[in-house]
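Note sheet for the following structure.
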Amino acid sequence: MNDRIRLALDSDRLVDITTTGRNTGKQHRIEVALRHLDGQIYLSNSPGPRDWAANLLAKPELTYHLKQSAQIDVAARATPITDVDEKRKLLTDILAKEDHLDQLEARMEGSHLFRVEVLGSSANA
(Lines give C-alpha, C1' and ligand atoms only; values in the text may rest on other atoms or scores of the structure.)
Protein backbone atom coordinates (compact mmCIF):
# COMPACT_ATOMS: atom_id res chain seq x y z
CA MET A 1 0.00 0.00 0.00
CA ASN A 2 1.46 3.35 -0.96
CA ASP A 3 1.90 6.26 1.45
CA ARG A 4 -0.95 8.36 -0.02
CA ILE A 5 -3.42 5.53 0.55
CA ARG A 6 -2.14 4.80 4.04
CA LEU A 7 -2.33 8.49 5.02
CA ALA A 8 -5.87 8.85 3.65
CA LEU A 9 -7.05 5.68 5.38
CA ASP A 10 -5.55 6.88 8.66
CA SER A 11 -6.87 10.44 8.53
CA ASP A 12 -10.05 10.70 6.43
CA ARG A 13 -13.46 10.44 8.10
CA LEU A 14 -15.72 9.68 5.13
CA VAL A 15 -15.37 7.43 2.11
CA ASP A 16 -17.69 5.99 -0.48
CA ILE A 17 -17.88 2.24 -0.89
CA THR A 18 -19.14 0.23 -3.82
CA THR A 19 -20.63 -3.17 -3.13
CA THR A 20 -22.20 -5.70 -5.48
CA GLY A 21 -25.93 -6.27 -5.04
CA ARG A 22 -26.65 -9.66 -3.52
CA ASN A 23 -29.75 -10.14 -5.69
CA THR A 24 -29.17 -7.94 -8.73
CA GLY A 25 -25.40 -8.18 -9.15
CA LYS A 26 -25.40 -4.42 -9.83
CA GLN A 27 -22.85 -2.07 -8.31
CA HIS A 28 -24.10 0.16 -5.45
CA ARG A 29 -22.16 3.15 -4.13
CA ILE A 30 -22.82 4.80 -0.76
CA GLU A 31 -21.02 7.13 1.67
CA VAL A 32 -19.90 5.58 4.97
CA ALA A 33 -17.75 6.53 7.93
CA LEU A 34 -14.15 5.36 7.74
CA ARG A 35 -13.36 3.58 11.00
CA HIS A 36 -9.92 2.43 11.99
CA LEU A 37 -8.37 1.12 15.13
CA ASP A 38 -4.72 0.24 15.70
CA GLY A 39 -4.00 0.33 11.97
CA GLN A 40 -6.94 -1.92 11.05
CA ILE A 41 -9.94 -0.68 9.04
CA TYR A 42 -13.51 -1.59 10.06
CA LEU A 43 -16.97 -1.04 8.65
CA SER A 44 -20.02 -0.89 10.89
CA ASN A 45 -23.55 0.16 10.13
CA SER A 46 -25.99 2.05 12.31
CA PRO A 47 -28.53 -0.29 13.90
CA GLY A 48 -31.06 -1.65 11.44
CA PRO A 49 -30.90 -3.29 8.04
CA ARG A 50 -28.49 -1.80 5.50
CA ASP A 51 -28.26 -3.02 1.93
CA TRP A 52 -24.51 -2.48 1.76
CA ALA A 53 -23.97 -4.70 4.83
CA ALA A 54 -26.22 -7.43 3.42
CA ASN A 55 -24.35 -7.16 0.12
CA LEU A 56 -20.99 -7.62 1.88
CA LEU A 57 -22.27 -10.69 3.70
CA ALA A 58 -23.12 -12.23 0.32
CA LYS A 59 -20.12 -10.92 -1.63
CA PRO A 60 -17.31 -9.53 0.53
CA GLU A 61 -15.39 -7.70 -2.21
CA LEU A 62 -15.80 -3.93 -2.26
CA THR A 63 -14.14 -0.77 -3.48
CA TYR A 64 -13.20 2.07 -1.15
CA HIS A 65 -13.41 5.42 -2.92
CA LEU A 66 -11.11 7.73 -0.99
CA LYS A 67 -12.33 11.26 -1.59
CA GLN A 68 -11.04 13.63 1.06
CA SER A 69 -7.25 13.90 1.34
CA ALA A 70 -6.74 11.81 -1.81
CA GLN A 71 -8.92 10.67 -4.68
CA ILE A 72 -8.05 6.99 -5.00
CA ASP A 73 -10.09 3.84 -5.54
CA VAL A 74 -8.93 0.93 -3.40
CA ALA A 75 -9.99 -2.70 -3.78
CA ALA A 76 -10.80 -4.39 -0.46
CA ARG A 77 -12.40 -7.43 1.13
CA ALA A 78 -14.69 -7.37 4.17
CA THR A 79 -14.81 -10.15 6.75
CA PRO A 80 -17.71 -10.12 9.22
CA ILE A 81 -16.84 -10.21 12.91
CA THR A 82 -19.20 -12.88 14.24
CA ASP A 83 -17.64 -13.71 17.61
CA VAL A 84 -19.72 -11.77 20.15
CA ASP A 85 -16.84 -11.11 22.56
CA GLU A 86 -14.55 -9.89 19.78
CA LYS A 87 -17.31 -7.71 18.33
CA ARG A 88 -18.04 -6.18 21.76
CA LYS A 89 -14.34 -5.43 22.39
CA LEU A 90 -13.83 -3.86 18.97
CA LEU A 91 -17.05 -1.83 19.04
CA THR A 92 -16.25 -0.63 22.56
CA ASP A 93 -12.84 0.61 21.41
CA ILE A 94 -14.16 2.14 18.16
CA LEU A 95 -17.13 3.86 19.78
CA ALA A 96 -15.04 5.13 22.71
CA LYS A 97 -12.60 6.65 20.21
CA GLU A 98 -15.56 8.36 18.47
CA ASP A 99 -17.15 9.43 21.78
CA HIS A 100 -20.27 7.35 21.01
CA LEU A 101 -19.96 4.63 23.64
CA ASP A 102 -23.65 5.18 24.48
CA GLN A 103 -24.44 3.37 21.18
CA LEU A 104 -22.70 0.14 22.18
CA GLU A 105 -25.70 -2.00 23.11
CA ALA A 106 -27.76 -0.88 20.10
CA ARG A 107 -24.82 -1.62 17.81
CA MET A 108 -24.24 -5.01 19.40
CA GLU A 109 -27.88 -5.92 18.83
CA GLY A 110 -28.60 -4.42 15.43
CA SER A 111 -25.37 -3.75 13.53
CA HIS A 112 -22.79 -5.63 11.55
CA LEU A 113 -19.06 -5.18 12.05
CA PHE A 114 -16.60 -6.02 9.27
CA ARG A 115 -12.80 -6.15 9.29
CA VAL A 116 -11.53 -4.72 6.00
CA GLU A 117 -8.44 -5.93 4.19
CA VAL A 118 -7.08 -3.51 1.59
CA LEU A 119 -6.06 -5.40 -1.55
CA GLY A 120 -4.70 -2.67 -3.80
CA SER A 121 -5.43 0.55 -5.67
CA SER A 122 -6.58 1.32 -9.18
CA ALA A 123 -4.51 3.06 -11.81
CA ASN A 124 -5.57 6.54 -10.59
CA ALA A 125 -3.46 6.15 -7.44
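Labeling convention for the C-alpha coordinates: chains A, B, ... as they appear, residues from 1 per chain, ligands from 1 in order of appearance.
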Leu62 (chain A) surroundings by only C-alpha atoms, 12 Å radius, close-in-sequence under 5 positions cut, as a ChimeraX atom specification: /A:16-21,27-30,43,52-53,55-57,73-79,114,116-121
Members of region 36-81 of chain A assigned strand (DSSP E) by DSSP, as a PyMOL selection string: chain A and resi 36-37+40-44+61-66+72-80
Dump of N, CA and C atoms for the selected residues, as a PDB file, in the first residue's frame:
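Output below, filename out15.pdb:
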ATOM      1  N   HIS A  36     -11.164   3.184  11.860  1.00  0.00           N
ATOM      2  CA  HIS A  36      -9.922   2.427  11.987  1.00  0.00           C
ATOM      3  C   HIS A  36      -9.515   2.394  13.443  1.00  0.00           C
ATOM      4  N   LEU A  37      -8.811   1.330  13.763  1.00  0.00           N
ATOM      5  CA  LEU A  37      -8.371   1.115  15.128  1.00  0.00           C
ATOM      6  C   LEU A  37      -7.065   0.340  15.074  1.00  0.00           C
ATOM      7  N   GLN A  40      -6.001  -1.039  11.741  1.00  0.00           N
ATOM      8  CA  GLN A  40      -6.944  -1.923  11.049  1.00  0.00           C
ATOM      9  C   GLN A  40      -8.198  -1.127  10.694  1.00  0.00           C
ATOM     10  N   ILE A  41      -8.739  -1.365   9.505  1.00  0.00           N
ATOM     11  CA  ILE A  41      -9.939  -0.683   9.042  1.00  0.00           C
ATOM     12  C   ILE A  41     -11.155  -1.556   9.355  1.00  0.00           C
ATOM     13  N   TYR A  42     -12.245  -0.896   9.757  1.00  0.00           N
ATOM     14  CA  TYR A  42     -13.506  -1.588  10.057  1.00  0.00           C
ATOM     15  C   TYR A  42     -14.663  -0.852   9.402  1.00  0.00           C
ATOM     16  N   LEU A  43     -15.706  -1.591   9.106  1.00  0.00           N
ATOM     17  CA  LEU A  43     -16.974  -1.040   8.651  1.00  0.00           C
ATOM     18  C   LEU A  43     -18.043  -1.487   9.626  1.00  0.00           C
ATOM     19  N   SER A  44     -18.900  -0.561  10.020  1.00  0.00           N
ATOM     20  CA  SER A  44     -20.020  -0.894  10.894  1.00  0.00           C
ATOM     21  C   SER A  44     -21.190  -0.009  10.515  1.00  0.00           C
ATOM     22  N   GLU A  61     -16.266  -8.626  -1.509  1.00  0.00           N
ATOM     23  CA  GLU A  61     -15.390  -7.695  -2.210  1.00  0.00           C
ATOM     24  C   GLU A  61     -16.083  -6.341  -2.335  1.00  0.00           C
ATOM     25  N   LEU A  62     -15.290  -5.283  -2.148  1.00  0.00           N
ATOM     26  CA  LEU A  62     -15.804  -3.925  -2.260  1.00  0.00           C
ATOM     27  C   LEU A  62     -14.708  -3.014  -2.768  1.00  0.00           C
ATOM     28  N   THR A  63     -15.108  -1.802  -3.109  1.00  0.00           N
ATOM     29  CA  THR A  63     -14.144  -0.773  -3.477  1.00  0.00           C
ATOM     30  C   THR A  63     -14.327   0.396  -2.524  1.00  0.00           C
ATOM     31  N   TYR A  64     -13.224   0.830  -1.919  1.00  0.00           N
ATOM     32  CA  TYR A  64     -13.197   2.067  -1.151  1.00  0.00           C
ATOM     33  C   TYR A  64     -12.872   3.178  -2.130  1.00  0.00           C
ATOM     34  N   HIS A  65     -13.674   4.241  -2.103  1.00  0.00           N
ATOM     35  CA  HIS A  65     -13.407   5.419  -2.923  1.00  0.00           C
ATOM     36  C   HIS A  65     -12.961   6.518  -1.968  1.00  0.00           C
ATOM     37  N   LEU A  66     -11.655   6.655  -1.828  1.00  0.00           N
ATOM     38  CA  LEU A  66     -11.114   7.734  -0.993  1.00  0.00           C
ATOM     39  C   LEU A  66     -11.416   9.041  -1.698  1.00  0.00           C
ATOM     40  N   ILE A  72      -8.605   8.284  -4.599  1.00  0.00           N
ATOM     41  CA  ILE A  72      -8.051   6.990  -5.002  1.00  0.00           C
ATOM     42  C   ILE A  72      -9.101   5.914  -4.765  1.00  0.00           C
ATOM     43  N   ASP A  73      -9.232   4.998  -5.713  1.00  0.00           N
ATOM     44  CA  ASP A  73     -10.093   3.838  -5.539  1.00  0.00           C
ATOM     45  C   ASP A  73      -9.241   2.673  -5.063  1.00  0.00           C
ATOM     46  N   VAL A  74      -9.708   1.992  -4.021  1.00  0.00           N
ATOM     47  CA  VAL A  74      -8.934   0.926  -3.400  1.00  0.00           C
ATOM     48  C   VAL A  74      -9.789  -0.337  -3.301  1.00  0.00           C
ATOM     49  N   ALA A  75      -9.311  -1.416  -3.890  1.00  0.00           N
ATOM     50  CA  ALA A  75      -9.993  -2.705  -3.776  1.00  0.00           C
ATOM     51  C   ALA A  75      -9.811  -3.250  -2.363  1.00  0.00           C
ATOM     52  N   ALA A  76     -10.854  -3.876  -1.830  1.00  0.00           N
ATOM     53  CA  ALA A  76     -10.796  -4.387  -0.463  1.00  0.00           C
ATOM     54  C   ALA A  76     -11.712  -5.601  -0.325  1.00  0.00           C
ATOM     55  N   ARG A  77     -11.555  -6.279   0.791  1.00  0.00           N
ATOM     56  CA  ARG A  77     -12.403  -7.427   1.131  1.00  0.00           C
ATOM     57  C   ARG A  77     -12.837  -7.280   2.582  1.00  0.00           C
ATOM     58  N   ALA A  78     -14.123  -7.508   2.833  1.00  0.00           N
ATOM     59  CA  ALA A  78     -14.688  -7.371   4.170  1.00  0.00           C
ATOM     60  C   ALA A  78     -14.964  -8.745   4.767  1.00  0.00           C
ATOM     61  N   THR A  79     -14.553  -8.922   6.016  1.00  0.00           N
ATOM     62  CA  THR A  79     -14.811 -10.154   6.755  1.00  0.00           C
ATOM     63  C   THR A  79     -15.676  -9.822   7.961  1.00  0.00           C
ATOM     64  N   PRO A  80     -16.859 -10.439   8.071  1.00  0.00           N
ATOM     65  CA  PRO A  80     -17.713 -10.123   9.217  1.00  0.00           C
ATOM     66  C   PRO A  80     -17.109 -10.623  10.525  1.00  0.00           C
TER      67      PRO A  80
END
Counting only C-alpha atoms, the residue of A:Pro47, A:Gln68, A:Glu109, A:Asp102 that sits nearest Glu31 (chain A):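 Closest to Glu31 (chain A), using only C-alpha atoms: A:Gln68.
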Near-region 81-98 of chain A list (6 Å; only C-alpha atoms; drop same-chain fewer than 2 positions) as a ChimeraX atom specification: /A:100-101,113-114
Picked from chain A by DSSP as helix (DSSP H, G or I), as a ChimeraX atom specification: /A:3-11,51-58,84-97,101-110
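Taking only C-alpha atoms, the non-local environment of Arg4 (chain A) within 10 Å (same-chain residues fewer than 6 positions away omitted) comprises A:Asp10, A:Ser69, A:Ala70, A:Gln71, A:Ile72, A:Ala125.
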Residues near Gly48 (chain A), cut-off 8 Å, only C-alpha atoms, skip fewer than 3 positions along chain, as an MDAnalysis selection string: chainID A and resid 45 110:111
Which of A:Arg35, A:Arg50, A:Lys26, A:Lys67 sits closest to Arg115 (chain A) [using only C-alpha atoms]: A:Arg35
Separation of CA of Ile5 (chain A) from CA of Gln103 (chain A) in Å: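 We find that CA of Gln103 (chain A) and CA of Ile5 (chain A) lie 29.5 Å from each other.
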